[in-house]
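The next block is model30.tsv, given as TSV, C-alpha atoms.
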```
chain	number	residue	atom	x	y	z
E	1	MET	CA	18.25	3.51	-12.55
E	2	SER	CA	17.47	0.31	-14.42
E	3	ASP	CA	15.11	-2.38	-13.25
E	4	ASN	CA	17.89	-4.95	-13.03
E	5	LEU	CA	18.33	-6.48	-9.61
E	6	ASN	CA	20.58	-4.21	-7.58
E	7	PRO	CA	23.84	-6.06	-6.72
E	8	GLU	CA	23.62	-4.69	-3.18
E	9	VAL	CA	20.21	-6.32	-2.73
E	10	GLU	CA	20.96	-9.63	-4.39
E	11	PRO	CA	22.76	-11.41	-1.49
E	12	TYR	CA	19.84	-10.70	0.88
E	13	ARG	CA	16.73	-11.16	-1.20
E	14	HIS	CA	15.87	-14.49	-2.76
E	15	PRO	CA	12.21	-14.57	-3.75
E	16	ASN	CA	10.51	-17.95	-4.01
E	17	TYR	CA	8.57	-16.74	-7.05
E	18	PRO	CA	9.77	-14.28	-9.68
E	19	ILE	CA	8.59	-10.72	-9.06
E	20	HIS	CA	9.35	-7.32	-10.57
E	21	ASN	CA	12.85	-6.21	-9.56
E	22	LEU	CA	11.55	-2.78	-8.61
E	23	LEU	CA	9.87	-4.46	-5.61
E	24	LEU	CA	13.06	-6.25	-4.56
E	25	ASN	CA	15.33	-3.26	-5.12
E	26	ARG	CA	13.38	-1.12	-2.64
E	27	TRP	CA	14.85	-1.22	0.84
E	28	SER	CA	15.26	1.26	3.68
E	29	PRO	CA	18.83	2.51	4.00
E	30	ARG	CA	19.64	5.19	6.58
E	31	ILE	CA	22.97	6.51	5.30
E	32	MET	CA	22.56	9.66	3.21
E	33	SER	CA	24.96	12.18	1.74
E	34	GLY	CA	23.49	15.31	3.32
E	35	GLU	CA	22.94	16.89	-0.12
E	36	GLU	CA	19.85	18.97	-0.80
E	37	MET	CA	17.31	17.87	-3.39
E	38	SER	CA	15.65	20.13	-5.96
E	39	GLU	CA	11.91	20.15	-6.64
E	40	ASP	CA	12.58	18.38	-9.92
E	41	GLU	CA	14.18	15.63	-7.89
E	42	PHE	CA	11.60	15.21	-5.15
E	43	LEU	CA	8.26	16.15	-6.72
E	44	PRO	CA	8.16	12.93	-8.82
E	45	LEU	CA	8.05	11.00	-5.54
E	46	PHE	CA	4.79	12.67	-4.53
E	47	GLU	CA	3.55	12.31	-8.07
E	48	ALA	CA	4.03	8.56	-7.64
E	49	ALA	CA	2.07	8.63	-4.37
E	50	ARG	CA	-0.72	10.44	-6.16
E	51	TRP	CA	-1.51	7.44	-8.36
E	52	ALA	CA	-2.04	4.95	-5.56
E	53	PRO	CA	-5.43	3.25	-5.26
E	54	SER	CA	-7.88	4.16	-2.48
E	55	SER	CA	-11.40	3.35	-1.44
E	56	TYR	CA	-13.81	5.29	-3.68
E	57	ASN	CA	-10.69	6.97	-5.11
E	58	ALA	CA	-10.90	9.35	-2.12
E	59	GLN	CA	-7.09	9.75	-1.99
E	60	PRO	CA	-7.06	10.48	1.75
E	61	TRP	CA	-3.29	11.04	1.90
E	62	ARG	CA	-1.84	14.49	2.64
E	63	PHE	CA	1.92	15.01	2.77
E	64	LEU	CA	3.56	17.79	4.77
E	65	TYR	CA	7.23	18.34	4.01
E	66	ALA	CA	10.19	20.42	5.05
E	67	LYS	CA	13.36	20.90	3.02
E	68	LYS	CA	16.57	21.07	4.98
E	69	SER	CA	17.09	24.67	3.86
E	70	SER	CA	13.62	25.72	5.00
E	71	PRO	CA	12.62	27.43	8.27
E	72	HIS	CA	10.23	24.50	8.83
E	73	TRP	CA	13.05	21.96	9.01
E	74	LYS	CA	13.64	22.35	12.74
E	75	THR	CA	9.92	21.91	13.52
E	76	PHE	CA	9.87	18.59	11.65
E	77	PHE	CA	13.28	17.43	12.86
E	78	ASP	CA	12.43	18.08	16.52
E	79	LEU	CA	9.56	15.57	16.30
E	80	LEU	CA	11.97	12.66	15.78
E	81	VAL	CA	13.28	10.48	18.59
E	82	PRO	CA	17.04	10.92	19.12
E	83	ALA	CA	17.89	7.58	17.49
E	84	ASN	CA	16.25	8.77	14.27
E	85	GLN	CA	17.65	12.30	14.51
E	86	GLU	CA	21.12	10.80	14.48
E	87	TRP	CA	20.90	9.64	10.87
E	88	ALA	CA	17.94	11.66	9.53
E	89	GLU	CA	19.86	14.91	9.92
E	90	LYS	CA	21.44	14.01	6.58
E	91	ALA	CA	18.07	13.85	4.84
E	92	ALA	CA	17.14	16.43	2.22
E	93	LEU	CA	13.46	16.26	3.09
E	94	LEU	CA	11.41	15.28	6.11
E	95	VAL	CA	7.79	14.36	5.53
E	96	VAL	CA	4.81	13.86	7.83
E	97	LEU	CA	2.21	11.67	6.18
E	98	THR	CA	-1.37	12.26	7.32
E	99	SER	CA	-4.68	10.84	6.13
E	100	LYS	CA	-8.26	12.05	6.19
E	101	THR	CA	-10.39	9.96	8.55
E	102	HIS	CA	-13.69	10.88	6.86
E	103	PHE	CA	-14.90	10.94	3.28
E	104	GLU	CA	-15.21	14.44	1.88
E	105	ARG	CA	-18.19	13.51	-0.29
E	106	ASN	CA	-20.50	12.45	2.56
E	107	GLY	CA	-18.68	12.97	5.88
E	108	LYS	CA	-18.81	9.26	6.71
E	109	PRO	CA	-15.88	7.67	8.56
E	110	SER	CA	-13.34	5.99	6.33
E	111	ILE	CA	-12.46	2.39	7.20
E	112	THR	CA	-9.37	2.31	5.03
E	113	HIS	CA	-7.66	5.71	5.34
E	114	SER	CA	-4.49	4.28	6.96
E	115	PHE	CA	-4.46	1.30	4.60
E	116	ASP	CA	-4.83	3.65	1.62
E	117	ALA	CA	-2.10	5.94	2.96
E	118	GLY	CA	0.15	2.88	3.17
E	119	ALA	CA	-0.43	2.22	-0.52
E	120	ALA	CA	0.53	5.82	-1.34
E	121	TRP	CA	3.65	5.48	0.81
E	122	MET	CA	4.63	2.32	-1.04
E	123	SER	CA	4.18	4.04	-4.38
E	124	LEU	CA	6.42	6.90	-3.23
E	125	ALA	CA	9.00	4.48	-1.85
E	126	LEU	CA	9.16	2.51	-5.09
E	127	GLU	CA	9.61	5.62	-7.22
E	128	GLY	CA	12.35	6.70	-4.82
E	129	ALA	CA	14.11	3.33	-5.01
E	130	HIS	CA	13.88	3.47	-8.79
E	131	ARG	CA	15.66	6.84	-8.64
E	132	ASP	CA	18.25	5.42	-6.23
E	133	TYR	CA	17.29	7.72	-3.35
E	134	VAL	CA	17.07	6.83	0.31
E	135	ILE	CA	13.43	6.64	1.37
E	136	HIS	CA	12.90	5.57	4.94
E	137	ALA	CA	9.61	5.54	6.88
E	138	MET	CA	9.63	6.05	10.64
E	139	GLU	CA	7.23	5.64	13.51
E	140	GLY	CA	9.94	6.87	15.90
E	141	PHE	CA	8.63	10.39	16.48
E	142	ASP	CA	6.24	12.22	18.77
E	143	TYR	CA	2.80	11.80	17.19
E	144	ASP	CA	1.06	14.12	19.67
E	145	LYS	CA	3.65	16.84	19.25
E	146	SER	CA	3.34	16.58	15.45
E	147	LYS	CA	-0.39	17.32	15.67
E	148	LYS	CA	0.26	20.41	17.76
E	149	ASP	CA	3.38	21.78	16.10
E	150	LEU	CA	2.11	21.23	12.56
E	151	ASN	CA	-1.50	22.40	13.20
E	152	ILE	CA	-2.79	19.05	12.03
E	153	PRO	CA	-6.60	19.27	11.94
E	154	SER	CA	-8.50	16.86	14.18
E	155	GLU	CA	-9.98	15.03	11.18
E	156	MET	CA	-6.51	14.04	9.99
E	157	HIS	CA	-4.71	10.95	11.29
E	158	VAL	CA	-0.91	11.01	11.55
E	159	GLU	CA	0.48	7.89	9.85
E	160	ALA	CA	4.26	8.10	9.69
E	161	MET	CA	7.25	10.30	9.00
E	162	LEU	CA	9.57	9.83	6.04
E	163	ALA	CA	13.21	10.74	5.60
E	164	ILE	CA	14.18	11.30	1.97
E	165	GLY	CA	17.67	11.98	0.71
E	166	LYS	CA	20.51	11.07	-1.59
E	167	LYS	CA	22.82	8.13	-1.13
E	168	PRO	CA	26.51	8.85	-0.53
E	169	LYS	CA	28.51	9.07	-3.75
E	170	ASN	CA	30.33	5.86	-2.95
E	171	ARG	CA	27.64	3.69	-1.51
E	172	SER	CA	30.02	0.72	-1.60
E	173	ASP	CA	32.19	2.39	1.08
E	174	VAL	CA	29.34	2.22	3.59
E	175	ALA	CA	27.74	-1.05	2.47
E	176	HIS	CA	29.27	-2.87	5.45
E	177	GLU	CA	27.36	-0.57	7.82
E	178	GLU	CA	23.84	-1.50	6.64
E	179	HIS	CA	22.22	-3.87	4.20
E	180	PRO	CA	18.75	-4.92	2.98
E	181	ASN	CA	16.76	-7.15	5.34
E	182	SER	CA	14.86	-10.36	4.64
E	183	ARG	CA	11.30	-11.56	5.18
E	184	ARG	CA	9.23	-14.29	6.83
E	185	PRO	CA	8.58	-17.34	4.63
E	186	ILE	CA	5.42	-17.01	2.55
E	187	ASN	CA	3.61	-19.75	4.50
E	188	GLU	CA	3.60	-17.48	7.56
E	189	ILE	CA	1.61	-14.78	5.76
E	190	LEU	CA	-0.65	-16.80	3.47
E	191	ILE	CA	-3.49	-19.10	4.57
E	192	GLU	CA	-5.91	-20.96	2.31
E	193	GLY	CA	-9.39	-20.63	3.77
E	194	PRO	CA	-10.26	-19.41	7.29
E	195	TYR	CA	-7.92	-19.17	10.26
E	196	THR	CA	-7.69	-22.51	11.98
E	197	SER	CA	-8.14	-22.08	15.69
U	1	MET	CA	3.99	-7.51	-19.68
U	2	SER	CA	6.42	-4.75	-20.49
U	3	ASP	CA	6.82	-1.57	-18.51
U	4	ASN	CA	5.70	0.57	-21.43
U	5	LEU	CA	2.70	2.74	-20.70
U	6	ASN	CA	-0.43	0.70	-21.33
U	7	PRO	CA	-2.42	2.24	-24.24
U	8	GLU	CA	-5.61	1.74	-22.25
U	9	VAL	CA	-4.24	3.87	-19.41
U	10	GLU	CA	-2.65	6.59	-21.51
U	11	PRO	CA	-5.78	8.69	-22.25
U	12	TYR	CA	-6.63	8.95	-18.55
U	13	ARG	CA	-3.32	9.35	-16.79
U	14	HIS	CA	-1.10	12.34	-17.42
U	15	PRO	CA	1.44	12.69	-14.65
U	16	ASN	CA	2.91	16.13	-14.01
U	17	TYR	CA	6.30	14.56	-13.32
U	18	PRO	CA	7.73	11.44	-14.95
U	19	ILE	CA	7.24	8.30	-12.85
U	20	HIS	CA	7.75	4.57	-13.41
U	21	ASN	CA	5.12	3.23	-15.81
U	22	LEU	CA	4.40	0.32	-13.51
U	23	LEU	CA	2.76	2.83	-11.15
U	24	LEU	CA	0.63	4.37	-13.90
U	25	ASN	CA	-0.33	1.04	-15.47
U	26	ARG	CA	-1.92	-0.21	-12.24
U	27	TRP	CA	-5.62	0.45	-12.07
U	28	SER	CA	-8.65	-1.37	-10.69
U	29	PRO	CA	-10.72	-2.99	-13.42
U	30	ARG	CA	-13.74	-5.11	-12.46
U	31	ILE	CA	-14.31	-7.13	-15.63
U	32	MET	CA	-12.71	-10.59	-15.46
U	33	SER	CA	-12.88	-13.67	-17.64
U	34	GLY	CA	-14.01	-16.14	-14.98
U	35	GLU	CA	-10.97	-18.35	-15.60
U	36	GLU	CA	-9.24	-20.09	-12.71
U	37	MET	CA	-5.64	-19.25	-11.81
U	38	SER	CA	-2.93	-21.76	-10.94
U	39	GLU	CA	-0.65	-21.43	-7.91
U	40	ASP	CA	2.19	-20.54	-10.29
U	41	GLU	CA	0.04	-17.66	-11.45
U	42	PHE	CA	-1.14	-16.30	-8.11
U	43	LEU	CA	1.65	-17.09	-5.63
U	44	PRO	CA	3.97	-14.44	-7.14
U	45	LEU	CA	1.41	-11.82	-6.09
U	46	PHE	CA	1.78	-12.77	-2.43
U	47	GLU	CA	5.52	-13.04	-2.92
U	48	ALA	CA	5.42	-9.39	-3.99
U	49	ALA	CA	3.43	-8.46	-0.87
U	50	ARG	CA	6.03	-10.23	1.23
U	51	TRP	CA	8.75	-7.71	0.34
U	52	ALA	CA	6.86	-4.61	1.44
U	53	PRO	CA	8.37	-2.44	4.18
U	54	SER	CA	6.93	-2.36	7.70
U	55	SER	CA	7.73	-0.89	11.06
U	56	TYR	CA	10.56	-2.93	12.65
U	57	ASN	CA	10.14	-5.29	9.68
U	58	ALA	CA	7.28	-6.88	11.65
U	59	GLN	CA	5.39	-7.78	8.44
U	60	PRO	CA	1.97	-7.65	10.15
U	61	TRP	CA	0.03	-8.67	7.01
U	62	ARG	CA	-1.75	-12.02	6.83
U	63	PHE	CA	-3.65	-13.02	3.68
U	64	LEU	CA	-6.55	-15.49	3.70
U	65	TYR	CA	-7.62	-16.69	0.28
U	66	ALA	CA	-10.17	-18.88	-1.44
U	67	LYS	CA	-9.89	-20.23	-4.96
U	68	LYS	CA	-13.11	-20.39	-6.92
U	69	SER	CA	-12.86	-24.20	-7.05
U	70	SER	CA	-12.41	-24.47	-3.28
U	71	PRO	CA	-15.06	-25.26	-0.65
U	72	HIS	CA	-14.07	-21.98	1.05
U	73	TRP	CA	-15.15	-19.88	-1.92
U	74	LYS	CA	-18.76	-19.50	-0.78
U	75	THR	CA	-17.69	-18.40	2.71
U	76	PHE	CA	-15.57	-15.61	1.24
U	77	PHE	CA	-18.02	-14.69	-1.51
U	78	ASP	CA	-20.95	-14.40	0.92
U	79	LEU	CA	-19.10	-11.63	2.79
U	80	LEU	CA	-19.34	-9.26	-0.17
U	81	VAL	CA	-22.10	-6.71	-0.63
U	82	PRO	CA	-24.35	-7.53	-3.60
U	83	ALA	CA	-22.84	-4.79	-5.78
U	84	ASN	CA	-19.44	-6.42	-5.44
U	85	GLN	CA	-20.76	-9.97	-5.79
U	86	GLU	CA	-22.12	-8.99	-9.18
U	87	TRP	CA	-18.69	-8.64	-10.78
U	88	ALA	CA	-16.44	-10.46	-8.28
U	89	GLU	CA	-18.10	-13.79	-9.10
U	90	LYS	CA	-15.76	-13.89	-12.08
U	91	ALA	CA	-12.67	-13.64	-9.89
U	92	ALA	CA	-10.31	-16.60	-9.62
U	93	LEU	CA	-9.37	-15.73	-6.05
U	94	LEU	CA	-10.95	-13.85	-3.19
U	95	VAL	CA	-8.67	-12.60	-0.45
U	96	VAL	CA	-9.26	-11.20	3.03
U	97	LEU	CA	-6.32	-9.08	4.14
U	98	THR	CA	-5.76	-8.92	7.90
U	99	SER	CA	-3.01	-7.37	9.99
U	100	LYS	CA	-1.60	-8.03	13.42
U	101	THR	CA	-2.41	-5.20	15.83
U	102	HIS	CA	0.46	-6.00	18.23
U	103	PHE	CA	4.15	-6.69	17.78
U	104	GLU	CA	5.04	-10.34	18.24
U	105	ARG	CA	8.42	-9.52	19.74
U	106	ASN	CA	7.12	-7.54	22.72
U	107	GLY	CA	3.32	-7.55	22.66
U	108	LYS	CA	3.15	-3.77	22.30
U	109	PRO	CA	0.40	-2.24	20.16
U	110	SER	CA	1.44	-1.46	16.60
U	111	ILE	CA	0.76	2.09	15.42
U	112	THR	CA	1.26	1.28	11.76
U	113	HIS	CA	-0.25	-2.18	11.13
U	114	SER	CA	-2.92	-0.86	8.72
U	115	PHE	CA	-0.45	1.48	7.04
U	116	ASP	CA	2.01	-1.40	6.63
U	117	ALA	CA	-0.73	-3.67	5.30
U	118	GLY	CA	-1.52	-0.98	2.74
U	119	ALA	CA	2.08	-1.08	1.55
U	120	ALA	CA	1.86	-4.87	1.14
U	121	TRP	CA	-1.41	-4.49	-0.76
U	122	MET	CA	0.21	-1.97	-3.11
U	123	SER	CA	3.11	-4.32	-3.74
U	124	LEU	CA	0.69	-7.13	-4.59
U	125	ALA	CA	-1.37	-4.84	-6.82
U	126	LEU	CA	1.68	-3.68	-8.77
U	127	GLU	CA	2.91	-7.21	-9.37
U	128	GLY	CA	-0.59	-8.10	-10.53
U	129	ALA	CA	-0.78	-5.13	-12.90
U	130	HIS	CA	2.63	-6.07	-14.26
U	131	ARG	CA	1.22	-9.53	-15.01
U	132	ASP	CA	-1.88	-7.99	-16.59
U	133	TYR	CA	-4.28	-9.45	-14.03
U	134	VAL	CA	-7.28	-7.74	-12.49
U	135	ILE	CA	-6.50	-6.83	-8.86
U	136	HIS	CA	-9.27	-4.94	-7.12
U	137	ALA	CA	-9.46	-4.02	-3.42
U	138	MET	CA	-12.86	-3.69	-1.75
U	139	GLU	CA	-14.24	-2.33	1.48
U	140	GLY	CA	-17.74	-3.36	0.40
U	141	PHE	CA	-18.12	-6.46	2.55
U	142	ASP	CA	-19.30	-7.39	6.04
U	143	TYR	CA	-16.28	-6.87	8.30
U	144	ASP	CA	-17.99	-8.32	11.40
U	145	LYS	CA	-19.18	-11.39	9.53
U	146	SER	CA	-15.66	-11.95	8.16
U	147	LYS	CA	-14.25	-12.09	11.69
U	148	LYS	CA	-16.82	-14.70	12.67
U	149	ASP	CA	-16.97	-16.81	9.52
U	150	LEU	CA	-13.18	-16.90	9.05
U	151	ASN	CA	-12.28	-17.40	12.74
U	152	ILE	CA	-10.19	-14.24	12.64
U	153	PRO	CA	-8.38	-13.96	15.99
U	154	SER	CA	-9.18	-10.87	18.08
U	155	GLU	CA	-5.61	-9.56	17.72
U	156	MET	CA	-6.01	-9.35	13.94
U	157	HIS	CA	-7.54	-6.32	12.21
U	158	VAL	CA	-9.52	-6.84	9.00
U	159	GLU	CA	-8.24	-4.40	6.37
U	160	ALA	CA	-9.85	-5.15	3.02
U	161	MET	CA	-10.91	-7.84	0.59
U	162	LEU	CA	-9.30	-8.34	-2.80
U	163	ALA	CA	-10.70	-9.81	-6.00
U	164	ILE	CA	-8.03	-11.29	-8.25
U	165	GLY	CA	-8.60	-12.71	-11.71
U	166	LYS	CA	-7.76	-12.72	-15.36
U	167	LYS	CA	-8.81	-10.10	-17.85
U	168	PRO	CA	-11.12	-11.15	-20.69
U	169	LYS	CA	-9.24	-12.35	-23.76
U	170	ASN	CA	-10.33	-9.31	-25.71
U	171	ARG	CA	-10.06	-6.53	-23.21
U	172	SER	CA	-10.65	-4.00	-25.99
U	173	ASP	CA	-14.22	-5.32	-26.43
U	174	VAL	CA	-15.12	-4.21	-22.90
U	175	ALA	CA	-12.96	-1.09	-22.67
U	176	HIS	CA	-16.03	1.12	-23.15
U	177	GLU	CA	-17.56	-0.32	-19.97
U	178	GLU	CA	-14.78	0.78	-17.58
U	179	HIS	CA	-11.57	2.75	-17.71
U	180	PRO	CA	-8.77	3.98	-15.41
U	181	ASN	CA	-9.64	6.90	-13.18
U	182	SER	CA	-7.74	10.11	-12.51
U	183	ARG	CA	-6.41	11.88	-9.41
U	184	ARG	CA	-6.54	15.17	-7.50
U	185	PRO	CA	-3.89	17.71	-8.53
U	186	ILE	CA	-0.68	17.37	-6.56
U	187	ASN	CA	-1.18	20.68	-4.75
U	188	GLU	CA	-4.18	19.17	-2.95
U	189	ILE	CA	-2.06	16.45	-1.37
U	190	LEU	CA	1.26	18.19	-0.80
U	191	ILE	CA	1.90	21.04	1.64
U	192	GLU	CA	5.24	22.68	2.41
U	193	GLY	CA	5.51	23.15	6.16
U	194	PRO	CA	2.65	22.88	8.68
U	195	TYR	CA	-1.07	22.96	7.93
U	196	THR	CA	-2.24	26.54	7.72
U	197	SER	CA	-5.36	27.02	9.77
```

Turn this file's structure into structure tokens for me.
Amino acid sequence: MSDNLNPEVEPYRHPNYPIHNLLLNRWSPRIMSGEEMSEDEFLPLFEAARWAPSSYNAQPWRFLYAKKSSPHWKTFFDLLVPANQEWAEKAALLVVLTSKTHFERNGKPSITHSFDAGAAWMSLALEGAHRDYVIHAMEGFDYDKSKKDLNIPSEMHVEAMLAIGKKPKNRSDVAHEEHPNSRRPINEILIEGPYTS
Amino acid sequence: MSDNLNPEVEPYRHPNYPIHNLLLNRWSPRIMSGEEMSEDEFLPLFEAARWAPSSYNAQPWRFLYAKKSSPHWKTFFDLLVPANQEWAEKAALLVVLTSKTHFERNGKPSITHSFDAGAAWMSLALEGAHRDYVIHAMEGFDYDKSKKDLNIPSEMHVEAMLAIGKKPKNRSDVAHEEHPNSRRPINEILIEGPYTS
């Protein structure tokens, strides 16, 4: 996919300052085709995550995944709340993103493991958008059950689940069902100097 | 800047799967020119952050910044540990990234505010790399002091500080002093199915 602004995004996203189209083209559709994805198709997404920045380059992110065809699929799928199961059943891959709460090099607690995992997620999401896949993060799942059912070690924090899949062949047929969202104005997220009380 | 692979990055970054060069070109240099940056130069970075994904599109990230020429600069600069002050004094902008720990719409605690803030940071960092700026995140500062000195409300979590500035005119003259780092192999961050105990 090119880095031109996606026509589907254009009506909904008007930046106040010019930014790379890759950042505007990424959004979080839910409608997928139900097709499987090959390793050649999905491994580049984790490769992208790999190159994210992290404190002391500790790379605390660990991704667990299940392909739809795998015996693990049901274990992952059953973690989701019903509202997410409804659409995520058409995903090719479900992912549980975890992060290491302590540095391996000295055992000290990490302040930024979730923040760093978020950077890795963004990198994955952007590579996915570039490839025109659906990449959707979810907090709508049972965090406690995920720790138990996926043997997640106590030193790992569960961050989010991801649904990854292919868009329907004719995306334009379903465009009326969902579209990219907008954002707060920049003055709500940016303050010069300290907070004013 | 184009999206070709940066020659300075190329010797250090060999992805196993092809990914967008924007993701490989981003790294975290420390050496800056000391030049100021105009609003036209730095506002696009926060614009990029604005379009990051977040749970329920809550956009929990809030950026506080100080320009070098501003009376706030010293307040921000004094938060840094000496090892970071040494190089960050040449930044044009210092930023404290905070995130809202509760949803505004219903007051419920957010599970993903740090994770979401990490996505916004990554978006900012990528836009900065694309513009050939230095964008460097730090956890080496006094978190408690930042809350006090910047009047950070109790419902906000302090995530990280960022140093933002321009590269020296002749980056090649200083290339021997710092270079992009590498990453763990993908099999250390990616697991099919549950953790094996």

Note to self: Applying 6 Å and only C-alpha atoms, which residues near Ser33 (chain E) remain after dropping the ones on its own chain fewer than 3 positions away? List them as a VMD selection string.
What the structure shows: chain E and resid 166 to 168

Could you name the residues that touch Leu64 (chain U) at 9 Å or less, counting only C-alpha atoms, but leaving out those on the same chain fewer than 6 positions away, as a tab-separated table (two decimals) with C-alpha atoms, keeping the file's coordinate frame?
```tsv
chain	number	residue	atom	x	y	z
E	189	ILE	CA	1.61	-14.78	5.76
E	190	LEU	CA	-0.65	-16.80	3.47
E	191	ILE	CA	-3.49	-19.10	4.57
E	192	GLU	CA	-5.91	-20.96	2.31
E	193	GLY	CA	-9.39	-20.63	3.77
E	194	PRO	CA	-10.26	-19.41	7.29
E	195	TYR	CA	-7.92	-19.17	10.26
U	94	LEU	CA	-10.95	-13.85	-3.19
U	95	VAL	CA	-8.67	-12.60	-0.45
U	96	VAL	CA	-9.26	-11.20	3.03
U	97	LEU	CA	-6.32	-9.08	4.14
U	98	THR	CA	-5.76	-8.92	7.90
U	150	LEU	CA	-13.18	-16.90	9.05
```

Margin query: Restricting the calculation to all atoms listed in the file: of E:Pro60, E:Pro82, E:Pro180, E:Pro109, which residue gets closest to Val158 (chain E)?
Written below: E:Pro60

Checklist line | Long-range neighbours of region 14-24 of chain U as a PyMOL selection string, 7 Å cut-off, only C-alpha atoms, 3 positions minimum in chain | finding: (chain E and resi 44+47-48+51+127) or (chain U and resi 3-5+126+130)

Note to self: Report as a list in words all protein, DNA and RNA residues lying within 10 Å of Ser69 (chain U), evaluated on all atoms listed in the file, omitting residues in the same chain fewer than 2 positions from it.
What the structure shows: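 The contact residues come out as Glu36, Met37, Ala66, Lys67, Pro71, His72, Trp73, Lys74, Ala92 and Leu93 of chain U.
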
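Of the residues under consideration (E:Met32, E:Ile135, E:Ala160, E:Val81), E:Ala160 shows the shortest atom-to-atom contact distance to chain U when counting only C-alpha atoms.
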
Next item on the list: Compile the contact shell of Glu8 (chain E) as a PyMOL selection string: residues with an atom at most 9 Å away, counting all atoms listed in the file, same-chain residues fewer than 2 positions apart removed.
Entry: chain E and resi 5-6+10-12+25+172+175+179-180

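Compared by their closest atoms to chain E, and using all atoms listed in the file, the residues U:Glu188, U:Asp144, U:Asp78, U:Asp132 rank with U:Glu188 nearest.
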
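Remark: for chain E, the closest of the candidate residues U:Leu162, U:Ala83, U:Leu45, U:Ala88 is U:Leu45 (distances computed over all atoms listed in the file).
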
Notebook entry, point to check: To one decimal place, how far is CA of Asn57 (chain E) from CA of Trp27 (chain U) in Å?
Noted result: 10.8 Å

Next item on the list: Between CA of Arg131 (chain E) and CA of Gln85 (chain E), measure the distance and give it in Å to one decimal.
Entry: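 These two atoms are separated by 23.9 Å.
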
Residues within 10 Å of (4.0, 11.0, 19.1), counting all atoms listed in the file, listed as an mmCIF file with C-alpha atoms, keeping the file's coordinate frame:
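Saved as out01.cif:
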```cif
data_model
loop_
_atom_site.group_PDB
_atom_site.id
_atom_site.type_symbol
_atom_site.label_atom_id
_atom_site.label_comp_id
_atom_site.auth_asym_id
_atom_site.auth_seq_id
_atom_site.Cartn_x
_atom_site.Cartn_y
_atom_site.Cartn_z
ATOM 1 C CA LEU E 79 9.560 15.570 16.300
ATOM 2 C CA LEU E 80 11.970 12.660 15.780
ATOM 3 C CA VAL E 81 13.280 10.480 18.590
ATOM 4 C CA GLU E 139 7.230 5.640 13.510
ATOM 5 C CA GLY E 140 9.940 6.870 15.900
ATOM 6 C CA PHE E 141 8.630 10.390 16.480
ATOM 7 C CA ASP E 142 6.240 12.220 18.770
ATOM 8 C CA TYR E 143 2.800 11.800 17.190
ATOM 9 C CA ASP E 144 1.060 14.120 19.670
ATOM 10 C CA LYS E 145 3.650 16.840 19.250
ATOM 11 C CA SER E 146 3.340 16.580 15.450
ATOM 12 C CA LYS E 147 -0.390 17.320 15.670
ATOM 13 C CA VAL E 158 -0.910 11.010 11.550
ATOM 14 C CA ALA E 160 4.260 8.100 9.690
#
```

Item checked: Coordinates-based distance that separates CA of Gly128 (chain U) from CA of Pro185 (chain U) (Å, one decimal) ->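 We find that CA of Pro185 (chain U) and CA of Gly128 (chain U) lie 26.1 Å from each other.
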